[in-house]
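So this one's model25.csv, CSV, C-alpha atoms:
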chain,number,residue,atom,x,y,z
A,30,MET,CA,183.5,143.0,99.3
A,31,PRO,CA,182.8,145.4,96.4
A,32,THR,CA,185.7,147.8,95.6
A,33,MET,CA,185.2,151.5,95.2
A,34,LYS,CA,185.8,151.1,91.4
A,35,SER,CA,183.1,148.4,91.1
A,36,ARG,CA,180.6,150.5,93.1
A,37,TRP,CA,181.3,153.5,90.8
A,38,VAL,CA,180.8,151.3,87.7
A,39,THR,CA,177.5,149.9,89.2
A,40,TYR,CA,176.4,153.5,89.9
A,41,LEU,CA,177.0,154.6,86.3
A,42,GLU,CA,175.4,151.5,84.9
A,43,ARG,CA,172.3,151.9,87.0
A,44,SER,CA,172.1,155.6,86.0
A,45,SER,CA,172.5,154.7,82.3
A,46,ARG,CA,169.8,152.1,82.6
A,47,LEU,CA,167.4,154.5,84.3
A,48,LEU,CA,168.0,157.1,81.6
A,49,ARG,CA,167.6,154.5,78.8
A,50,ASP,CA,164.4,153.1,80.3
A,51,GLY,CA,162.9,156.5,80.8
A,52,THR,CA,163.7,157.6,77.2
A,53,THR,CA,162.2,154.4,75.9
A,54,LYS,CA,158.9,155.0,77.7
A,55,ILE,CA,158.7,158.5,76.2
A,56,VAL,CA,159.5,157.3,72.7
A,57,ARG,CA,156.9,154.5,72.9
A,58,MET,CA,154.4,156.8,74.7
A,59,GLU,CA,153.9,154.1,77.3
A,60,GLY,CA,152.2,156.5,79.6
A,61,ALA,CA,149.2,156.6,77.3
A,62,ASP,CA,148.8,152.8,77.5
A,63,THR,CA,146.7,150.8,79.9
A,64,PRO,CA,148.9,150.1,83.0
A,65,SER,CA,150.2,146.5,82.8
A,66,ARG,CA,149.0,144.0,85.4
A,67,ALA,CA,151.8,141.5,84.4
A,68,PRO,CA,153.9,140.2,87.3
A,69,ILE,CA,157.0,142.2,88.1
A,70,THR,CA,160.2,140.5,89.4
A,71,LEU,CA,161.5,142.9,91.9
A,72,TYR,CA,164.5,141.0,93.2
A,73,ARG,CA,166.3,137.8,92.3
A,74,PHE,CA,168.6,135.7,94.4
A,75,ASN,CA,170.2,133.4,91.8
A,76,THR,CA,173.8,134.7,91.2
A,77,GLN,CA,176.6,136.1,93.3
A,78,GLN,CA,176.0,139.5,91.7
A,79,ASP,CA,172.4,139.3,92.9
A,80,ILE,CA,173.5,138.6,96.5
A,81,ALA,CA,175.9,141.5,96.4
A,82,GLU,CA,173.0,143.9,96.1
A,83,TYR,CA,171.8,143.1,99.7
A,84,ALA,CA,172.8,144.5,103.0
A,85,MET,CA,172.7,142.4,106.2
A,86,GLY,CA,172.9,142.8,109.9
A,87,CYS,CA,172.2,141.2,113.2
A,88,ASP,CA,172.3,141.9,117.0
A,89,SER,CA,176.1,141.3,117.1
A,90,ASP,CA,176.5,144.7,115.5
A,91,MET,CA,175.2,146.2,118.8
A,92,GLY,CA,176.7,143.7,121.3
A,93,GLY,CA,174.6,140.6,120.8
A,94,THR,CA,175.9,137.1,119.9
A,95,SER,CA,173.8,136.0,117.0
A,96,THR,CA,175.3,135.3,113.6
A,97,ALA,CA,174.0,136.0,110.1
A,98,HIS,CA,175.1,135.1,106.6
A,99,LEU,CA,173.6,135.5,103.2
A,100,ASP,CA,175.2,133.1,100.7
A,101,LEU,CA,174.6,131.7,97.3
A,102,ASP,CA,173.3,128.1,97.7
A,103,THR,CA,174.3,125.8,94.8
A,104,ASP,CA,173.0,122.6,96.4
A,105,PRO,CA,171.0,120.8,93.6
A,106,ALA,CA,168.8,119.2,96.3
A,107,HIS,CA,167.6,122.7,97.3
A,108,ASN,CA,167.4,124.2,93.8
A,109,GLU,CA,166.0,121.5,91.5
A,110,PRO,CA,162.4,122.0,92.7
A,111,VAL,CA,162.4,125.6,91.5
A,112,GLY,CA,164.4,124.9,88.3
A,113,LYS,CA,167.3,127.2,89.2
A,114,PRO,CA,171.0,126.5,89.4
A,115,ALA,CA,171.3,128.6,92.6
A,116,THR,CA,169.3,130.4,95.2
A,117,ALA,CA,170.2,132.4,98.3
A,118,LYS,CA,170.5,131.1,101.8
A,119,PHE,CA,170.0,133.3,104.8
A,120,TRP,CA,171.3,131.4,107.8
A,121,GLY,CA,173.0,131.6,111.1
A,122,GLU,CA,172.6,131.0,114.8
A,123,MET,CA,169.9,132.9,116.7
A,124,ARG,CA,171.1,133.6,120.2
A,125,LEU,CA,169.6,135.7,123.0
A,126,GLY,CA,172.8,136.2,125.0
A,127,VAL,CA,174.9,139.4,124.8
A,128,ARG,CA,178.6,140.2,125.3
A,129,PRO,CA,180.0,140.5,128.8
A,130,GLY,CA,179.3,143.9,130.3
A,131,LEU,CA,176.1,144.5,128.2
A,132,GLU,CA,173.8,142.4,130.3
A,133,GLY,CA,170.7,144.3,131.1
A,134,ARG,CA,171.5,147.1,128.6
A,135,ILE,CA,170.6,145.4,125.4
A,136,ARG,CA,168.6,142.3,124.2
A,137,GLY,CA,169.8,140.0,121.5
A,138,GLY,CA,167.8,137.8,119.1
A,139,TYR,CA,167.5,139.5,115.7
A,140,ALA,CA,169.0,139.3,112.2
A,141,GLY,CA,167.9,140.5,108.8
A,142,PHE,CA,168.7,141.7,105.3
A,143,ARG,CA,167.3,144.0,102.7
A,144,ASN,CA,168.3,145.3,99.3
A,145,LYS,CA,170.8,148.2,99.3
A,146,HIS,CA,169.8,151.7,98.4
A,147,ARG,CA,170.2,152.3,94.6
A,148,PRO,CA,171.5,155.8,94.0
A,149,THR,CA,171.8,157.2,90.4
A,150,LEU,CA,172.7,160.4,88.8
A,151,PHE,CA,169.0,161.2,88.6
A,152,GLY,CA,168.0,160.3,92.2
A,153,GLU,CA,167.5,157.0,94.0
A,154,LEU,CA,166.1,154.1,92.0
A,155,THR,CA,162.8,152.8,93.3
A,156,ASP,CA,160.1,150.3,92.2
A,157,ASP,CA,156.5,151.1,91.2
A,158,VAL,CA,154.1,148.4,92.3
A,159,SER,CA,151.0,150.6,92.3
A,160,GLN,CA,149.3,148.4,89.7
A,161,HIS,CA,149.8,145.2,91.8
A,162,SER,CA,148.0,144.0,94.8
A,163,TYR,CA,150.3,141.4,96.3
A,164,LEU,CA,153.9,140.9,97.3
A,165,ALA,CA,154.9,137.4,96.3
A,166,LEU,CA,158.0,135.7,97.9
A,167,ARG,CA,159.3,132.2,96.9
A,168,LEU,CA,160.9,130.9,100.1
A,169,ARG,CA,162.2,127.8,101.8
A,170,ALA,CA,162.0,127.7,105.6
A,171,ALA,CA,164.5,125.3,107.0
A,172,GLY,CA,166.6,125.5,110.2
A,173,HIS,CA,165.3,124.5,113.6
A,174,PRO,CA,161.5,124.3,113.6
A,175,ARG,CA,161.2,126.8,116.4
A,176,THR,CA,162.7,129.5,114.4
A,177,ARG,CA,160.3,129.3,111.4
A,178,ASN,CA,157.5,131.3,113.0
A,179,SER,CA,159.6,134.4,113.7
A,180,TYR,CA,160.2,135.9,110.2
A,181,PHE,CA,158.9,139.3,109.1
A,182,VAL,CA,158.7,141.1,105.7
A,183,ASN,CA,159.6,144.8,105.8
A,184,ILE,CA,159.0,147.4,103.1
A,185,GLN,CA,160.5,150.9,103.1
A,186,THR,CA,159.1,153.5,100.6
A,187,ASP,CA,160.6,156.8,99.4
A,188,GLY,CA,158.2,158.8,101.5
A,189,PRO,CA,158.8,162.0,103.5
A,190,ILE,CA,159.5,160.1,106.8
A,191,SER,CA,162.6,158.0,106.4
A,192,THR,CA,161.9,155.9,109.5
A,193,ASP,CA,158.6,154.7,108.3
A,194,LEU,CA,158.5,150.9,107.7
A,195,TRP,CA,155.6,148.7,106.6
A,196,GLN,CA,155.7,145.2,108.2
A,197,HIS,CA,153.9,141.9,107.9
A,198,ARG,CA,154.6,138.5,109.5
A,199,LEU,CA,155.7,135.6,107.3
A,200,TYR,CA,153.6,132.4,107.6
A,201,PHE,CA,154.7,129.1,106.3
A,202,SER,CA,152.5,126.2,105.4
A,203,ARG,CA,155.2,123.6,105.1
A,204,ASN,CA,157.3,122.1,107.9
A,205,ASP,CA,159.7,120.0,105.7
A,206,GLY,CA,161.9,122.8,104.5
A,207,GLY,CA,160.4,122.8,101.0
A,208,TRP,CA,159.8,125.7,98.7
A,209,GLU,CA,156.5,127.6,98.8
A,210,ASP,CA,155.1,130.8,97.4
A,211,VAL,CA,153.8,133.3,100.0
A,212,PHE,CA,151.4,136.0,98.9
A,213,ILE,CA,150.8,139.0,101.1
A,214,PRO,CA,148.4,141.8,100.1
A,215,PHE,CA,150.2,145.2,100.1
A,216,ASP,CA,147.2,146.7,102.0
A,217,ALA,CA,147.8,144.1,104.8
A,218,PHE,CA,151.1,145.6,105.8
A,219,VAL,CA,151.1,147.7,109.0
A,220,LEU,CA,152.9,151.1,109.1
A,221,THR,CA,155.5,151.4,111.9
A,222,ASN,CA,157.9,154.1,112.8
A,223,ALA,CA,161.2,153.4,114.8
A,224,GLY,CA,159.7,150.0,115.7
A,225,GLU,CA,156.4,151.2,117.0
A,226,ILE,CA,153.0,151.0,115.3
A,227,ALA,CA,152.1,154.3,113.8
A,228,PRO,CA,148.9,155.8,115.3
A,229,ASP,CA,147.8,156.9,111.8
A,230,GLN,CA,147.8,154.0,109.3
A,231,LEU,CA,148.6,155.8,106.0
A,232,THR,CA,148.4,154.2,102.6
A,233,MET,CA,151.7,152.8,101.4
A,234,LEU,CA,153.4,154.8,98.7
A,235,ARG,CA,153.5,151.8,96.3
A,236,GLU,CA,154.7,154.0,93.5
A,237,ARG,CA,158.1,154.3,95.1
A,238,ILE,CA,159.3,151.2,96.9
A,239,ARG,CA,162.8,151.8,98.2
A,240,THR,CA,163.7,148.6,100.0
A,241,ILE,CA,162.3,145.2,100.8
A,242,GLY,CA,163.8,143.0,103.4
A,243,ILE,CA,163.2,140.0,105.7
A,244,SER,CA,164.0,139.9,109.4
A,245,LEU,CA,164.1,137.1,112.0
A,246,LEU,CA,163.0,138.2,115.5
A,247,GLY,CA,163.9,135.4,117.8
A,248,GLY,CA,164.3,137.5,120.9
A,249,ASN,CA,160.7,138.5,120.8
A,250,SER,CA,159.5,135.0,121.5
A,251,GLY,CA,162.6,133.7,123.3
A,252,VAL,CA,163.6,131.6,120.3
A,253,GLU,CA,167.2,130.4,119.9
A,254,GLY,CA,168.8,127.9,117.6
A,255,PRO,CA,170.1,127.5,114.0
A,256,TYR,CA,168.0,129.2,111.3
A,257,GLU,CA,167.9,128.9,107.6
A,258,LEU,CA,165.7,130.6,105.0
A,259,GLY,CA,166.1,129.9,101.3
A,260,ILE,CA,165.1,132.8,98.9
A,261,ASP,CA,164.6,132.5,95.2
A,262,GLU,CA,162.8,135.7,94.2
A,263,ILE,CA,160.5,138.5,95.3
A,264,ARG,CA,157.7,139.7,92.9
A,265,ALA,CA,154.7,142.0,92.7
A,266,VAL,CA,151.6,140.2,91.4
A,267,ASN,CA,147.8,140.5,91.1
A,268,ASP,CA,144.8,138.3,91.9
A,269,GLU,CA,145.1,136.3,88.7
A,270,ASP,CA,148.7,135.3,89.7
A,271,VAL,CA,147.9,134.1,93.2
A,272,THR,CA,147.9,130.3,92.9
A,273,VAL,CA,146.2,129.6,96.2
A,274,PRO,CA,143.2,131.5,97.3
A,275,PRO,CA,144.1,133.8,100.2
A,276,SER,CA,142.9,132.9,103.6
A,277,THR,CA,142.1,135.2,106.5
A,278,CYS,CA,142.9,134.8,110.2
A,279,ASP,CA,139.9,136.5,111.6
A,280,SER,CA,139.9,134.6,114.9
A,281,VAL,CA,143.2,136.0,116.1
A,282,PRO,CA,144.1,139.6,117.2
A,283,ARG,CA,144.9,141.9,114.3
A,284,LEU,CA,148.1,143.2,115.9
A,285,CYS,CA,150.4,142.0,118.6
A,286,VAL,CA,153.1,144.4,119.8
A,287,SER,CA,155.9,143.1,122.1
A,288,GLU,CA,157.4,145.5,124.7
A,289,TRP,CA,160.9,144.4,123.6
A,290,LYS,CA,162.7,147.6,124.4
A,291,ILE,CA,166.4,148.1,124.8
A,292,ASP,CA,168.6,150.9,126.0
A,293,TRP,CA,171.3,150.6,123.3
A,294,LEU,CA,170.5,153.5,121.1
A,295,ALA,CA,171.4,154.3,117.5
A,296,ASP,CA,170.7,156.8,114.9
A,297,SER,CA,168.4,155.7,112.2
A,298,ALA,CA,165.6,153.3,111.2
A,299,CYS,CA,166.3,149.6,111.4
A,300,VAL,CA,166.3,148.4,107.8
A,301,PHE,CA,164.8,145.0,108.8
A,302,GLY,CA,162.1,146.5,110.9
A,303,CYS,CA,162.5,145.9,114.6
A,304,CYS,CA,164.6,148.7,116.1
A,305,SER,CA,165.8,152.2,115.7
A,306,PHE,CA,169.1,151.8,114.0
A,307,GLU,CA,170.4,151.2,110.5
A,308,PHE,CA,173.5,149.2,109.7
A,309,ALA,CA,176.1,150.4,107.2
A,310,GLU,CA,176.0,148.9,103.8
A,311,GLY,CA,179.7,148.3,103.5
A,312,GLY,CA,179.7,144.9,105.2
A,313,ALA,CA,177.7,142.3,107.0
A,314,GLY,CA,176.3,144.5,109.7
A,315,GLY,CA,178.3,147.6,109.9
A,316,ASP,CA,178.7,150.3,112.5
A,317,ALA,CA,175.9,152.2,114.3
A,318,GLY,CA,176.3,155.5,116.0
A,319,ALA,CA,174.7,157.0,119.1
A,320,GLY,CA,171.1,158.1,118.8
A,321,THR,CA,168.0,159.1,120.7
A,322,GLY,CA,165.4,156.4,121.0
A,323,GLY,CA,164.8,152.8,122.2
A,324,TRP,CA,162.9,150.3,120.1
A,325,ARG,CA,160.2,147.7,120.3
A,326,ALA,CA,159.8,144.6,118.2
A,327,VAL,CA,156.5,144.5,116.2
A,328,ILE,CA,154.6,141.3,115.6
A,329,GLY,CA,152.8,142.0,112.3
A,330,PRO,CA,149.1,141.6,111.5
A,331,GLU,CA,147.8,138.1,111.3
A,332,ARG,CA,145.7,138.8,108.2
A,333,THR,CA,145.4,137.7,104.6
A,334,PHE,CA,148.1,135.4,103.2
A,335,ALA,CA,148.4,132.5,100.8
A,336,HIS,CA,150.9,129.8,99.9
A,337,THR,CA,151.9,127.6,97.0
A,338,SER,CA,154.1,124.7,97.9
A,339,TYR,CA,156.7,123.0,95.6

Could you quickly redo this structure as structure tokens?
Amino acid sequence: MPTMKSRWVTYLERSSRLLRDGTTKIVRMEGADTPSRAPITLYRFNTQQDIAEYAMGCDSDMGGTSTAHLDLDTDPAHNEPVGKPATAKFWGEMRLGVRPGLEGRIRGGYAGFRNKHRPTLFGELTDDVSQHSYLALRLRAAGHPRTRNSYFVNIQTDGPISTDLWQHRLYFSRNDGGWEDVFIPFDAFVLTNAGEIAPDQLTMLRERIRTIGISLLGGNSGVEGPYELGIDEIRAVNDEDVTVPPSTCDSVPRLCVSEWKIDWLADSACVFGCCSFEFAEGGAGGDAGAGTGGWRAVIGPERTFAHTSY
């Protein structure tokens, strides 16, 4: 776990980098140039330092019995196909049961992670993907086959409403646990608030992406068992970078919302997009306080997506 000193050093280094980059843009007059369409690597998962930049939680934070881990995976069998010495492994046991005494009060069956907030002396660090059309994730879906269709991508922006979250379901084309690139158009994400689909679907504030995360919602479909998701990197790309033509699922409903509501209440927006709480960043999960609203799990839009397998 990071010490107070290491967090302070990280804070200062991040602030210095933001100042340096901003000054460089001014000196080079980059604002006058044509915006770059080159791919942007938003997050890497290849070192222990990379892994330390993510917060994680699961239903056990609220009385459930699932487990969640985000570790550095150095297994050559997993990493050689992508040419990296290490990648991340999000894994654990998805369970629907809850602790004694909480039966009927809460529902288990969720786990997730997202990058930690990045404060600086000049405000919070965010990412600008306004010149890019797709979120690209290089992933490896392993674990029990029945858990592979319950993953979601969640994006939080630095907008005026902190509980807003954009969501999209993850679709995998491989069933052998191999690596694949998944491309999701930013305009295919659905706006939710405290776990419910927002009645007014606003345009995502892509100039200020605050966090990106992945969640596993096993409780929504009654799925239990061991899960494992390999993660190499998350990027922002354009049409010329999509290696497989996107396909559309026009024959299925655009949205599916599950009435998966619980009575265990907490006080913020779920950072991995299924409920109305936010876990603390200090550990794997953290504490949640009392709050004011229940939550529903959201099954994202079955819309445009594409894959490249390795």

Of the candidates A:Glu109, A:Asp102, A:Glu82, A:Asp268, which shows the shortest atom-to-atom distance to Arg143 in chain A, using all atoms listed in the file? A:Glu82

Would you kindly return, as a ChimeraX atom specification, each protein, DNA or RNA residue with an atom no farther than 7 Å from any atom of Glu257 in chain A, considering only C-alpha atoms and excluding same-chain residues fewer than 5 positions away? /A:118-121,170-172

Polymer residues at most 9 Å from range 238-245 of chain A, all atoms listed in the file, same-chain spacing of 2 or more positions, as a PyMOL selection string: chain A and resi 72+83+123+138-147+153-158+176-188+199+233-236+247-248+256+263+300-303

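Interatomic distance, CA of Pro110 in chain A against CA of Gly206 in chain A: 11.8 Å.
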
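Of the listed residues A:His173, A:Gly224, A:Leu246, A:Gly207, the one whose atoms come nearest to Trp195 in chain A is A:Gly224, with distances taken using only C-alpha atoms.
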
To one decimal place in Å, what is the distance between CA of Ala97 in chain A and CA of Glu122 in chain A? 7.0 Å

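Of note, CA of Leu166 in chain A and CA of Arg237 in chain A are spaced 18.8 Å apart.
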
Which residues are near Ser162 in chain A? Cut-off 7 Å, only C-alpha atoms, ignore same chain within fewer than 2 positions. Put them as a tab-separated table (two decimals) with C-alpha atoms, in the frame of the given file.
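Listing of out_2.tsv after writing:
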chain	number	residue	atom	x	y	z
A	160	GLN	CA	149.30	148.40	89.70
A	214	PRO	CA	148.40	141.80	100.10
A	215	PHE	CA	150.20	145.20	100.10
A	266	VAL	CA	151.60	140.20	91.40
A	267	ASN	CA	147.80	140.50	91.10

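If you measure from each of A:Glu225, A:Glu262, A:Asp210, A:Asp90 to Lys113 in chain A using all atoms listed in the file, the closest one turns out to be A:Glu262.
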